[in-house]
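Content type PDB, C-alpha atoms (C1' of nucleotides), from the file target_23.pdb:
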ATOM      1  CA  MET U   1      92.393  80.641 163.154
ATOM      2  CA  THR U   2      92.461  81.642 159.588
ATOM      3  CA  GLN U   3      91.860  84.581 157.321
ATOM      4  CA  PRO U   4      88.852  84.098 155.086
ATOM      5  CA  GLN U   5      90.573  83.882 151.722
ATOM      6  CA  THR U   6      87.724  81.869 150.295
ATOM      7  CA  LYS U   7      84.128  82.876 150.010
ATOM      8  CA  TYR U   8      82.231  79.933 151.359
ATOM      9  CA  ARG U   9      79.215  78.486 149.625
ATOM     10  CA  SER U  10      77.117  78.762 152.740
ATOM     11  CA  ARG U  11      77.219  79.173 156.489
ATOM     12  CA  CYS U  12      77.003  75.434 157.003
ATOM     13  CA  SER U  13      80.100  74.081 158.741
ATOM     14  CA  ILE U  14      80.007  70.960 156.642
ATOM     15  CA  ALA U  15      79.825  72.905 153.390
ATOM     16  CA  ARG U  16      82.690  75.126 154.550
ATOM     17  CA  THR U  17      84.844  72.193 155.511
ATOM     18  CA  LEU U  18      84.182  70.604 152.138
ATOM     19  CA  ASP U  19      85.034  73.905 150.461
ATOM     20  CA  VAL U  20      88.564  73.672 151.830
ATOM     21  CA  LEU U  21      89.181  69.953 152.380
ATOM     22  CA  GLY U  22      86.622  68.332 150.102
ATOM     23  CA  ASP U  23      88.691  66.707 147.410
ATOM     24  CA  LYS U  24      90.512  63.460 146.886
ATOM     25  CA  TRP U  25      94.005  64.630 147.881
ATOM     26  CA  THR U  26      94.109  67.219 150.633
ATOM     27  CA  LEU U  27      93.395  64.873 153.516
ATOM     28  CA  LEU U  28      95.866  62.320 152.206
ATOM     29  CA  VAL U  29      98.572  64.957 152.467
ATOM     30  CA  VAL U  30      97.403  65.685 155.996
ATOM     31  CA  ARG U  31      97.454  61.954 156.755
ATOM     32  CA  ASP U  32     101.066  61.661 155.628
ATOM     33  CA  LEU U  33     102.136  64.699 157.605
ATOM     34  CA  MET U  34     100.169  63.567 160.654
ATOM     35  CA  TRP U  35     101.166  59.939 160.921
ATOM     36  CA  HIS U  36     103.623  58.764 158.345
ATOM     37  CA  GLY U  37     106.606  60.971 158.979
ATOM     38  CA  LYS U  38     106.554  62.401 155.476
ATOM     39  CA  HIS U  39     107.683  65.985 155.480
ATOM     40  CA  THR U  40     109.454  66.813 152.244
ATOM     41  CA  PHE U  41     107.862  67.372 148.877
ATOM     42  CA  GLN U  42     109.516  64.258 147.615
ATOM     43  CA  GLU U  43     108.345  62.080 150.481
ATOM     44  CA  LEU U  44     104.794  63.340 150.185
ATOM     45  CA  GLN U  45     104.798  62.750 146.464
ATOM     46  CA  ALA U  46     106.087  59.198 146.881
ATOM     47  CA  SER U  47     103.012  58.013 148.783
ATOM     48  CA  GLU U  48     101.132  55.013 147.573
ATOM     49  CA  GLU U  49      98.433  57.050 145.866
ATOM     50  CA  HIS U  50     100.860  59.019 143.645
ATOM     51  CA  ILE U  51      99.653  62.555 143.735
ATOM     52  CA  ALA U  52     100.792  64.633 140.759
ATOM     53  CA  ALA U  53     103.464  67.211 141.570
ATOM     54  CA  ASN U  54     101.356  70.173 140.496
ATOM     55  CA  LEU U  55      98.509  69.069 142.723
ATOM     56  CA  LEU U  56     100.764  68.456 145.694
ATOM     57  CA  SER U  57     102.255  71.891 145.207
ATOM     58  CA  GLU U  58      98.859  73.520 145.018
ATOM     59  CA  ARG U  59      97.477  71.593 148.002
ATOM     60  CA  LEU U  60     100.426  72.488 150.187
ATOM     61  CA  LYS U  61      99.903  76.140 149.273
ATOM     62  CA  ARG U  62      96.253  75.919 150.226
ATOM     63  CA  LEU U  63      96.983  74.190 153.502
ATOM     64  CA  MET U  64      99.583  76.837 154.307
ATOM     65  CA  ALA U  65      97.182  79.622 153.382
ATOM     66  CA  LEU U  66      94.677  78.041 155.763
ATOM     67  CA  GLY U  67      97.241  77.918 158.537
ATOM     68  CA  LEU U  68      97.041  74.143 158.800
ATOM     69  CA  VAL U  69     100.539  73.502 157.490
ATOM     70  CA  ALA U  70     103.763  75.485 157.837
ATOM     71  CA  ARG U  71     107.091  74.950 156.204
ATOM     72  CA  GLU U  72     110.604  75.793 157.187
ATOM     73  CA  ALA U  73     113.769  75.618 155.163
ATOM     74  CA  TYR U  74     115.949  72.787 156.334
ATOM     75  CA  GLN U  75     118.728  73.778 153.983
ATOM     76  CA  ASP U  76     119.843  76.801 151.991
ATOM     77  CA  ARG U  77     121.429  76.788 148.593
ATOM     78  CA  PRO U  78     119.335  75.378 147.230
ATOM     79  CA  VAL U  79     116.619  76.093 149.728
ATOM     80  CA  ARG U  80     114.693  72.958 150.628
ATOM     81  CA  TYR U  81     111.600  72.879 152.766
ATOM     82  CA  ARG U  82     110.207  70.651 155.421
ATOM     83  CA  TYR U  83     106.422  70.746 155.748
ATOM     84  CA  ALA U  84     104.671  70.128 159.020
ATOM     85  CA  LEU U  85     101.209  70.464 160.473
ATOM     86  CA  THR U  86     100.610  73.449 162.695
ATOM     87  CA  GLU U  87      98.738  72.973 165.926
ATOM     88  CA  GLU U  88      95.585  73.871 164.040
ATOM     89  CA  GLY U  89      96.469  71.292 161.434
ATOM     90  CA  ARG U  90      96.869  68.649 164.112
ATOM     91  CA  SER U  91      93.280  69.330 165.121
ATOM     92  CA  LEU U  92      92.317  67.325 162.053
ATOM     93  CA  GLU U  93      93.410  64.077 163.660
ATOM     94  CA  ALA U  94      89.984  63.211 165.068
ATOM     95  CA  LEU U  95      88.463  63.812 161.656
ATOM     96  CA  LEU U  96      91.040  61.579 159.999
ATOM     97  CA  LEU U  97      90.378  58.850 162.551
ATOM     98  CA  GLN U  98      86.663  59.061 161.945
ATOM     99  CA  ILE U  99      87.116  58.831 158.191
ATOM    100  CA  MET U 100      89.482  55.912 158.599
ATOM    101  CA  GLY U 101      87.088  54.116 160.920
ATOM    102  CA  TRP U 102      84.231  54.492 158.494
ATOM    103  CA  GLY U 103      86.318  53.410 155.518
ATOM    104  CA  HIS U 104      87.552  50.390 157.411
ATOM    105  CA  ALA U 105      84.067  49.323 158.411
ATOM    106  CA  HIS U 106      82.349  50.032 155.124
ATOM    107  CA  LEU U 107      84.922  49.868 152.355
ATOM    108  CA  GLY U 108      87.292  47.290 153.749
ATOM    109  CA  GLY U 109      90.320  49.551 154.052
ATOM    110  CA  GLY U 110      93.179  49.055 156.498
ATOM    111  CA  LEU U 111      93.240  50.405 160.035
ATOM    112  CA  TYR U 112      96.234  52.396 161.184
ATOM    113  CA  ASP U 113      96.849  52.842 164.871
ATOM    114  CA  PRO U 114      98.595  56.170 165.482
ATOM    115  CA  GLN U 115      99.429  55.036 169.029
ATOM    116  CA  ALA U 116     101.199  51.947 167.804
ATOM    117  CA  GLY U 117     102.438  53.698 164.677
ATOM    118  CA  ARG U 118     101.403  50.858 162.414
ATOM    119  CA  THR U 119      98.538  49.238 160.553
ATOM    120  CA  VAL U 120      96.661  46.970 162.895
ATOM    121  CA  ALA U 121      94.005  45.533 160.595
ATOM    122  CA  ASP U 122      94.301  44.390 157.037
ATOM    123  CA  ALA U 123      92.515  45.870 154.117
ATOM    124  CA  THR U 124      90.590  43.614 151.786
ATOM    125  CA  PRO U 125      92.172  43.986 148.348
ATOM    126  CA  ASP U 126      89.066  45.101 146.482
ATOM    127  CA  GLY U 127      86.780  46.280 149.196
ATOM    128  CA  PRO U 128      84.107  44.446 151.187
ATOM    129  CA  LEU U 129      82.405  41.245 150.092
TER     130      LEU U 129
ATOM    131  CA  MET T   1      78.119  46.249 152.901
ATOM    132  CA  THR T   2      78.787  47.113 149.361
ATOM    133  CA  GLN T   3      79.931  45.604 146.120
ATOM    134  CA  PRO T   4      83.297  46.934 144.999
ATOM    135  CA  GLN T   5      82.241  48.793 141.863
ATOM    136  CA  THR T   6      85.202  51.085 142.150
ATOM    137  CA  LYS T   7      88.832  50.134 142.090
ATOM    138  CA  TYR T   8      90.319  51.965 145.015
ATOM    139  CA  ARG T   9      93.553  53.920 144.767
ATOM    140  CA  SER T  10      95.049  52.080 147.713
ATOM    141  CA  ARG T  11      94.255  49.935 150.722
ATOM    142  CA  CYS T  12      94.194  52.966 152.975
ATOM    143  CA  SER T  13      90.765  53.466 154.529
ATOM    144  CA  ILE T  14      91.092  57.211 154.232
ATOM    145  CA  ALA T  15      91.979  57.043 150.544
ATOM    146  CA  ARG T  16      89.066  54.685 149.943
ATOM    147  CA  THR T  17      86.628  56.890 151.748
ATOM    148  CA  LEU T  18      87.839  59.871 149.733
ATOM    149  CA  ASP T  19      87.466  57.812 146.574
ATOM    150  CA  VAL T  20      83.740  57.533 147.198
ATOM    151  CA  LEU T  21      82.846  60.571 149.325
ATOM    152  CA  GLY T  22      85.713  62.954 148.618
ATOM    153  CA  ASP T  23      84.118  65.767 146.706
ATOM    154  CA  LYS T  24      82.255  68.955 147.467
ATOM    155  CA  TRP T  25      78.719  67.626 147.084
ATOM    156  CA  THR T  26      78.205  64.044 148.193
ATOM    157  CA  LEU T  27      78.249  64.687 151.925
ATOM    158  CA  LEU T  28      75.952  67.670 151.557
ATOM    159  CA  VAL T  29      73.369  65.371 150.011
ATOM    160  CA  VAL T  30      73.892  62.987 152.920
ATOM    161  CA  ARG T  31      73.525  65.903 155.343
ATOM    162  CA  ASP T  32      70.174  66.871 153.845
ATOM    163  CA  LEU T  33      68.903  63.306 153.887
ATOM    164  CA  MET T  34      70.203  62.757 157.418
ATOM    165  CA  TRP T  35      69.006  65.870 159.178
ATOM    166  CA  HIS T  36      67.029  68.242 157.064
ATOM    167  CA  GLY T  37      64.090  66.147 156.019
ATOM    168  CA  LYS T  38      64.848  66.570 152.327
ATOM    169  CA  HIS T  39      63.898  63.478 150.425
ATOM    170  CA  THR T  40      62.798  64.381 146.934
ATOM    171  CA  PHE T  41      65.015  65.429 144.060
ATOM    172  CA  GLN T  42      63.497  68.848 144.160
ATOM    173  CA  GLU T  43      64.009  69.328 147.882
ATOM    174  CA  LEU T  44      67.606  68.182 147.678
ATOM    175  CA  GLN T  45      68.272  70.485 144.769
ATOM    176  CA  ALA T  46      66.772  73.455 146.561
ATOM    177  CA  SER T  47      69.381  73.442 149.329
ATOM    178  CA  GLU T  48      71.313  76.551 150.076
ATOM    179  CA  GLU T  49      74.388  75.452 148.147
ATOM    180  CA  HIS T  50      72.536  74.902 144.837
ATOM    181  CA  ILE T  51      73.857  71.690 143.445
ATOM    182  CA  ALA T  52      73.366  71.322 139.696
ATOM    183  CA  ALA T  53      70.691  68.831 138.677
ATOM    184  CA  ASN T  54      73.056  66.582 136.735
ATOM    185  CA  LEU T  55      75.413  66.374 139.715
ATOM    186  CA  LEU T  56      72.615  65.619 142.131
ATOM    187  CA  SER T  57      71.408  62.921 139.796
ATOM    188  CA  GLU T  58      74.870  61.421 139.492
ATOM    189  CA  ARG T  59      75.566  61.625 143.227
ATOM    190  CA  LEU T  60      72.317  59.946 144.124
ATOM    191  CA  LYS T  61      73.153  57.139 141.696
ATOM    192  CA  ARG T  62      76.553  56.697 143.291
ATOM    193  CA  LEU T  63      75.152  56.700 146.793
ATOM    194  CA  MET T  64      72.562  54.132 145.748
ATOM    195  CA  ALA T  65      75.226  51.992 144.075
ATOM    196  CA  LEU T  66      77.180  52.131 147.343
ATOM    197  CA  GLY T  67      74.133  51.034 149.295
ATOM    198  CA  LEU T  68      74.099  54.220 151.359
ATOM    199  CA  VAL T  69      70.882  55.573 149.884
ATOM    200  CA  ALA T  70      67.763  53.833 148.625
ATOM    201  CA  ARG T  71      64.762  55.236 146.873
ATOM    202  CA  GLU T  72      61.167  54.220 146.633
ATOM    203  CA  ALA T  73      58.443  55.490 144.404
ATOM    204  CA  TYR T  74      55.956  57.538 146.365
ATOM    205  CA  GLN T  75      53.687  57.942 143.377
ATOM    206  CA  ASP T  76      53.113  56.313 139.997
ATOM    207  CA  ARG T  77      52.122  58.044 136.797
ATOM    208  CA  PRO T  78      54.425  59.775 136.690
ATOM    209  CA  VAL T  79      56.640  57.828 138.998
ATOM    210  CA  ARG T  80      58.273  60.047 141.610
ATOM    211  CA  TYR T  81      60.874  58.934 144.067
ATOM    212  CA  ARG T  82      61.639  59.549 147.669
ATOM    213  CA  TYR T  83      65.294  59.108 148.605
ATOM    214  CA  ALA T  84      66.390  57.993 152.042
ATOM    215  CA  LEU T  85      69.538  56.832 153.765
ATOM    216  CA  THR T  86      69.852  53.139 154.364
ATOM    217  CA  GLU T  87      71.063  51.913 157.716
ATOM    218  CA  GLU T  88      74.563  51.887 156.263
ATOM    219  CA  GLY T  89      74.052  55.439 155.084
ATOM    220  CA  ARG T  90      73.029  56.480 158.562
ATOM    221  CA  SER T  91      76.392  55.242 159.790
ATOM    222  CA  LEU T  92      77.823  58.414 158.292
ATOM    223  CA  GLU T  93      76.298  60.545 161.019
ATOM    224  CA  ALA T  94      79.355  60.466 163.267
ATOM    225  CA  LEU T  95      81.523  61.516 160.358
ATOM    226  CA  LEU T  96      79.190  64.363 159.507
ATOM    227  CA  LEU T  97      79.214  65.504 163.133
ATOM    228  CA  GLN T  98      82.989  65.439 163.206
ATOM    229  CA  ILE T  99      83.243  67.458 160.010
ATOM    230  CA  MET T 100      80.700  69.919 161.307
ATOM    231  CA  GLY T 101      82.535  70.291 164.600
ATOM    232  CA  TRP T 102      85.818  70.972 162.874
ATOM    233  CA  GLY T 103      84.280  73.454 160.450
ATOM    234  CA  HIS T 104      82.552  75.261 163.284
ATOM    235  CA  ALA T 105      85.734  75.548 165.324
ATOM    236  CA  HIS T 106      88.080  76.423 162.473
ATOM    237  CA  LEU T 107      86.063  77.997 159.697
ATOM    238  CA  GLY T 108      83.359  79.706 161.678
ATOM    239  CA  GLY T 109      80.424  77.726 160.294
ATOM    240  CA  GLY T 110      77.145  77.127 162.105
ATOM    241  CA  LEU T 111      76.476  74.245 164.458
ATOM    242  CA  TYR T 112      73.410  72.101 163.928
ATOM    243  CA  ASP T 113      72.136  69.979 166.766
ATOM    244  CA  PRO T 114      70.475  66.844 165.385
ATOM    245  CA  GLN T 115      68.931  66.181 168.803
ATOM    246  CA  ALA T 116      67.300  69.572 168.900
ATOM    247  CA  GLY T 117      66.748  69.580 165.140
ATOM    248  CA  ARG T 118      68.053  73.109 164.745
ATOM    249  CA  THR T 119      71.132  75.284 164.453
ATOM    250  CA  VAL T 120      72.409  76.066 167.924
ATOM    251  CA  ALA T 121      75.387  78.298 167.121
ATOM    252  CA  ASP T 122      75.693  81.010 164.547
ATOM    253  CA  ALA T 123      78.078  81.025 161.689
ATOM    254  CA  THR T 124      80.283  84.038 161.124
ATOM    255  CA  PRO T 125      79.374  85.423 157.691
ATOM    256  CA  ASP T 126      82.838  85.215 156.159
ATOM    257  CA  GLY T 127      84.665  82.774 158.367
ATOM    258  CA  PRO T 128      86.798  83.263 161.447
ATOM    259  CA  LEU T 129      88.500  86.526 162.377
TER     260      LEU T 129
ATOM    261  C1'  DC Y   1     132.084  69.015 132.178
ATOM    262  C1'  DG Y   2     128.098  65.848 132.443
ATOM    263  C1'  DA Y   3     124.962  63.343 135.304
ATOM    264  C1'  DC Y   4     122.045  63.512 139.091
ATOM    265  C1'  DT Y   5     118.853  65.317 143.025
ATOM    266  C1'  DC Y   6     115.155  68.008 144.808
ATOM    267  C1'  DA Y   7     111.393  71.073 144.500
ATOM    268  C1'  DC Y   8     108.848  72.714 141.962
ATOM    269  C1'  DT Y   9     106.354  74.919 137.366
ATOM    270  C1'  DT Y  10     104.607  74.467 132.805
ATOM    271  C1'  DT Y  11     102.086  72.277 129.312
ATOM    272  C1'  DC Y  12      98.308  70.034 127.426
ATOM    273  C1'  DA Y  13      94.799  66.438 127.008
ATOM    274  C1'  DA Y  14      91.114  64.358 129.582
ATOM    275  C1'  DA Y  15      87.666  64.487 133.027
ATOM    276  C1'  DA Y  16      84.610  66.968 136.168
ATOM    277  C1'  DT Y  17      81.775  70.904 137.219
ATOM    278  C1'  DT Y  18      78.554  74.566 136.113
ATOM    279  C1'  DA Y  19      74.620  76.803 134.238
ATOM    280  C1'  DA Y  20      71.135  76.587 131.227
ATOM    281  C1'  DA Y  21      67.964  74.509 128.333
ATOM    282  C1'  DG Y  22      65.384  70.533 127.009
ATOM    283  C1'  DT Y  23      62.427  66.211 127.720
ATOM    284  C1'  DG Y  24      58.637  63.181 129.211
ATOM    285  C1'  DA Y  25      54.863  62.206 131.992
ATOM    286  C1'  DC Y  26      51.649  63.785 133.877
ATOM    287  C1'  DT Y  27      47.878  67.629 136.502
ATOM    288  C1'  DA Y  28      45.347  71.903 136.645
ATOM    289  C1'  DT Y  29      43.260  75.867 134.438
ATOM    290  C1'  DG Y  30      40.666  78.586 131.061
TER     291       DG Y  30
ATOM    292  C1'  DC X   1      40.906  70.770 124.242
ATOM    293  C1'  DA X   2      44.828  73.719 124.322
ATOM    294  C1'  DT X   3      48.060  75.898 127.243
ATOM    295  C1'  DA X   4      50.638  76.382 131.394
ATOM    296  C1'  DG X   5      52.796  74.298 135.171
ATOM    297  C1'  DT X   6      55.201  70.621 138.116
ATOM    298  C1'  DC X   7      58.654  67.184 138.925
ATOM    299  C1'  DA X   8      62.526  64.441 137.897
ATOM    300  C1'  DC X   9      65.544  64.154 135.438
ATOM    301  C1'  DT X  10      68.980  64.374 130.843
ATOM    302  C1'  DT X  11      71.508  66.905 127.479
ATOM    303  C1'  DT X  12      74.458  70.405 125.933
ATOM    304  C1'  DA X  13      78.139  73.555 125.928
ATOM    305  C1'  DA X  14      81.505  76.500 128.324
ATOM    306  C1'  DT X  15      84.680  76.610 132.065
ATOM    307  C1'  DT X  16      87.508  74.646 135.554
ATOM    308  C1'  DT X  17      90.108  71.047 137.602
ATOM    309  C1'  DT X  18      92.752  67.019 137.195
ATOM    310  C1'  DG X  19      96.409  63.982 135.728
ATOM    311  C1'  DA X  20     100.581  62.726 133.377
ATOM    312  C1'  DA X  21     104.586  64.177 131.515
ATOM    313  C1'  DA X  22     108.156  67.180 130.540
ATOM    314  C1'  DG X  23     110.793  71.152 131.756
ATOM    315  C1'  DT X  24     113.375  74.441 134.941
ATOM    316  C1'  DG X  25     116.674  76.227 138.357
ATOM    317  C1'  DA X  26     119.842  75.719 141.994
ATOM    318  C1'  DG X  27     122.902  73.100 143.446
ATOM    319  C1'  DT X  28     126.087  68.510 144.459
ATOM    320  C1'  DC X  29     128.941  64.588 142.900
ATOM    321  C1'  DG X  30     132.399  62.145 140.153
TER     322       DG X  30
END
Target format structure tokens, applied to this file:
Amino acid sequence: MTQPQTKYRSRCSIARTLDVLGDKWTLLVVRDLMWHGKHTFQELQASEEHIAANLLSERLKRLMALGLVAREAYQDRPVRYRYALTEEGRSLEALLLQIMGWGHAHLGGGLYDPQAGRTVADATPDGPL
Amino acid sequence: MTQPQTKYRSRCSIARTLDVLGDKWTLLVVRDLMWHGKHTFQELQASEEHIAANLLSERLKRLMALGLVAREAYQDRPVRYRYALTEEGRSLEALLLQIMGWGHAHLGGGLYDPQAGRTVADATPDGPL
DNA sequence: CGACTCACTTTCAAAATTAAAGTGACTATG
DNA sequence: CATAGTCACTTTAATTTTGAAAGTGAGTCG
């Protein structure tokens, strides 16, 4: 679990989850760590959606503060870090799958199969008909 | 389904979903429409988290544009509207439940049982230990 | 030495959020 | 009939967050 570094808006679990994950970038970082083998700052930044470096930096800090992500140096001089989900972070997989399923059904996005490790259904370029 | 009024950041279903629902307020509005019997502007605004009127107004417009919410006048002179989820909007229930479950387990929020129509597990005031 | 890489941080303009006040169409009260 | 109140917003202005770009520091490579 996690230290309460944030004061939550309310006692509602949904509101609390949105307080910490409710923005356009955080869950994309989690997605890349979870499924796409991206673990360095550079790899995470290079994703299709092009997160700005300052935002990636800030989001990684938040995820670490929440205990969902941990980093370890994979090299000294200069020190370079590898980011990975903690066990608690991996608990977000079901949530990610649910979001993906909804987006696929309603917004025409692609479907990634974590089992197969690849996209198994195409996205429509501009969304549904 | 929905007209593509937005250009999505990518073909990823998660990114697309975050493009339309990825903020701190939209899913709280959906929560209130889905489970808490709040259907007027006033009722939605009066929720615990205190959304600002201009944001509620803008979010309702977006949800209507997406086809997830519809409104009907429940009175003329002056015309007053009642907002409700469409069938497509109701498809968000599983997502809401997943978010709630995660927030309950990891952030110490309350658990609402839609079947029972009430909160069945307490929230810890400031989050988990 | 000079060029390059990686992991950031800083800067600054633009966009989003917040809180408060204002508006328009009425209804109810004195 | 004038005033107060309700509801559903919109407008305004201050603050915060975001986004894009440039800069920094530690080091490697040629």
Check: Could you write out as a ChimeraX atom specification the residues of chain X within 9 Å of chain U, counting all atoms listed in the file?
Finding: /X:18-20,26-27
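For DC7 (chain X), the list of residues within 9 Å, based on all atoms listed in the file and with local chain neighbours fewer than 4 positions off taken out, reads Phe41, Gln42, Pro78 and Arg80 of chain T.
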Matching every Cα in sequence order between the two identical chains, what are the coordinates of chain U once fitted onto chain T? Write them as a short mmCIF file (atom, residue, chain, number, x, y, z; two decimals) with C-alpha atoms, keeping the file's coordinate frame.
data_model
loop_
_atom_site.label_atom_id
_atom_site.label_comp_id
_atom_site.auth_asym_id
_atom_site.auth_seq_id
_atom_site.Cartn_x
_atom_site.Cartn_y
_atom_site.Cartn_z
CA MET U 1 78.16 46.21 152.87
CA THR U 2 78.81 47.04 149.32
CA GLN U 3 79.96 45.51 146.08
CA PRO U 4 83.31 46.86 144.95
CA GLN U 5 82.24 48.74 141.85
CA THR U 6 85.21 51.04 142.12
CA LYS U 7 88.84 50.12 142.06
CA TYR U 8 90.31 51.96 144.98
CA ARG U 9 93.52 53.91 144.75
CA SER U 10 95.01 52.08 147.68
CA ARG U 11 94.23 49.94 150.69
CA CYS U 12 94.17 52.96 152.95
CA SER U 13 90.74 53.47 154.51
CA ILE U 14 91.07 57.21 154.22
CA ALA U 15 91.95 57.04 150.53
CA ARG U 16 89.03 54.68 149.93
CA THR U 17 86.60 56.90 151.75
CA LEU U 18 87.81 59.87 149.74
CA ASP U 19 87.44 57.82 146.57
CA VAL U 20 83.71 57.54 147.19
CA LEU U 21 82.83 60.57 149.32
CA GLY U 22 85.69 62.96 148.62
CA ASP U 23 84.08 65.77 146.70
CA LYS U 24 82.24 68.96 147.46
CA TRP U 25 78.68 67.63 147.10
CA THR U 26 78.19 64.05 148.21
CA LEU U 27 78.24 64.69 151.94
CA LEU U 28 75.94 67.68 151.57
CA VAL U 29 73.36 65.37 150.03
CA VAL U 30 73.88 62.99 152.93
CA ARG U 31 73.51 65.91 155.35
CA ASP U 32 70.16 66.88 153.85
CA LEU U 33 68.89 63.32 153.89
CA MET U 34 70.19 62.76 157.42
CA TRP U 35 68.99 65.87 159.20
CA HIS U 36 67.01 68.25 157.09
CA GLY U 37 64.07 66.16 156.02
CA LYS U 38 64.84 66.57 152.34
CA HIS U 39 63.90 63.48 150.42
CA THR U 40 62.81 64.39 146.91
CA PHE U 41 65.03 65.42 144.05
CA GLN U 42 63.50 68.84 144.15
CA GLU U 43 64.01 69.33 147.87
CA LEU U 44 67.61 68.19 147.68
CA GLN U 45 68.27 70.48 144.76
CA ALA U 46 66.76 73.46 146.58
CA SER U 47 69.37 73.44 149.35
CA GLU U 48 71.30 76.56 150.10
CA GLU U 49 74.36 75.46 148.16
CA HIS U 50 72.49 74.91 144.86
CA ILE U 51 73.82 71.70 143.48
CA ALA U 52 73.36 71.36 139.72
CA ALA U 53 70.71 68.84 138.68
CA ASN U 54 73.12 66.65 136.74
CA LEU U 55 75.44 66.42 139.71
CA LEU U 56 72.64 65.65 142.13
CA SER U 57 71.44 62.94 139.79
CA GLU U 58 74.88 61.43 139.49
CA ARG U 59 75.58 61.63 143.23
CA LEU U 60 72.32 59.95 144.13
CA LYS U 61 73.18 57.15 141.70
CA ARG U 62 76.57 56.71 143.30
CA LEU U 63 75.16 56.70 146.80
CA MET U 64 72.58 54.12 145.74
CA ALA U 65 75.24 52.00 144.07
CA LEU U 66 77.18 52.13 147.34
CA GLY U 67 74.14 51.04 149.30
CA LEU U 68 74.11 54.22 151.36
CA VAL U 69 70.89 55.58 149.89
CA ALA U 70 67.76 53.83 148.64
CA ARG U 71 64.77 55.24 146.87
CA GLU U 72 61.18 54.20 146.65
CA ALA U 73 58.45 55.48 144.41
CA TYR U 74 55.96 57.51 146.36
CA GLN U 75 53.72 57.90 143.35
CA ASP U 76 53.14 56.25 139.98
CA ARG U 77 52.22 57.96 136.78
CA PRO U 78 54.46 59.75 136.67
CA VAL U 79 56.69 57.80 138.98
CA ARG U 80 58.27 60.02 141.61
CA TYR U 81 60.90 58.92 144.06
CA ARG U 82 61.66 59.54 147.67
CA TYR U 83 65.32 59.11 148.61
CA ALA U 84 66.39 58.01 152.04
CA LEU U 85 69.53 56.85 153.78
CA THR U 86 69.84 53.14 154.37
CA GLU U 87 71.05 51.93 157.72
CA GLU U 88 74.54 51.88 156.26
CA GLY U 89 74.04 55.43 155.09
CA ARG U 90 73.02 56.49 158.58
CA SER U 91 76.38 55.24 159.79
CA LEU U 92 77.81 58.42 158.30
CA GLU U 93 76.28 60.55 161.02
CA ALA U 94 79.34 60.47 163.29
CA LEU U 95 81.50 61.50 160.35
CA LEU U 96 79.18 64.37 159.52
CA LEU U 97 79.22 65.52 163.13
CA GLN U 98 82.99 65.44 163.21
CA ILE U 99 83.24 67.46 160.01
CA MET U 100 80.70 69.94 161.31
CA GLY U 101 82.53 70.29 164.61
CA TRP U 102 85.80 70.98 162.88
CA GLY U 103 84.26 73.45 160.45
CA HIS U 104 82.55 75.26 163.29
CA ALA U 105 85.74 75.54 165.31
CA HIS U 106 88.07 76.41 162.47
CA LEU U 107 86.06 78.00 159.69
CA GLY U 108 83.35 79.71 161.68
CA GLY U 109 80.43 77.73 160.29
CA GLY U 110 77.14 77.14 162.09
CA LEU U 111 76.48 74.27 164.47
CA TYR U 112 73.42 72.12 163.95
CA ASP U 113 72.15 70.00 166.78
CA PRO U 114 70.48 66.87 165.39
CA GLN U 115 68.94 66.21 168.82
CA ALA U 116 67.29 69.60 168.91
CA GLY U 117 66.74 69.61 165.16
CA ARG U 118 68.05 73.13 164.77
CA THR U 119 71.13 75.30 164.48
CA VAL U 120 72.43 76.08 167.93
CA ALA U 121 75.40 78.31 167.14
CA ASP U 122 75.72 81.03 164.57
CA ALA U 123 78.09 81.04 161.69
CA THR U 124 80.31 84.03 161.13
CA PRO U 125 79.42 85.43 157.70
CA ASP U 126 82.87 85.19 156.15
CA GLY U 127 84.66 82.74 158.35
CA PRO U 128 86.82 83.27 161.43
CA LEU U 129 88.54 86.52 162.34
#
Next item on the list: Identify all residues satisfying the PyMOL selection byres ((chain U and resi 66-73) around 8) in the given file; provide them as JSON, numbers by chain.
Entry: {"U": [1, 2, 3, 60, 62, 63, 64, 65, 74, 75, 76, 79, 80, 81, 82, 83, 84, 85, 86, 87, 88, 89, 90]}
Checklist line | Hits from the PyMOL selection byres ((chain T and resi 35) around 10), listed as a PyMOL selection string | finding: chain T and resi 30-34+36-38+93+112-115+117-118
Notebook entry, point to check: What residues in chain Y lie within 10 Å of chain T, counting only C-alpha atoms (C1' of nucleotides), written as a PyMOL selection string?
Noted result: chain Y and resi 16-19+24-26
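Each of U:Leu44, U:Ile14, U:Ala121, U:Leu97 was compared to chain T using only C-alpha atoms, and U:Ile14 turns out to be the nearest.
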Notebook entry, point to check: Residues picked by the PyMOL selection byres ((chain U) within 7 of (chain T)) here, as a PyMOL selection string?
Noted result: chain U and resi 1-4+7+9-19+22-24+28+48-49+95+98-100+103-104+106-107+109-111+123+125-129
Check: If you count only C-alpha atoms (C1' of nucleotides), which residues fall within 10 Å of DT11 (chain Y), apart from same-chain ones fewer than 3 positions away, as number ranges by chain?
Finding: X: 21-23
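The spacing separating CA of Arg59 (chain T) from C1' of DA14 (chain X) amounts to 21.9 Å.
Across the model, the gap from C1' of DC4 (chain Y) to CA of Glu43 (chain U) is 17.9 Å.
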Draw an axis-aligned box over all listed atoms of region 23-26 of chain U, pad each side with 6 Å, and write its centre and edge lengths in Å, one decimal, as JSON.
{"center_x": 91.4, "center_y": 65.3, "center_z": 148.8, "size_x": 17.4, "size_y": 15.8, "size_z": 15.7}
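Here C1' of DT11 (chain X) and CA of Lys61 (chain T) stand 17.3 Å from one another.
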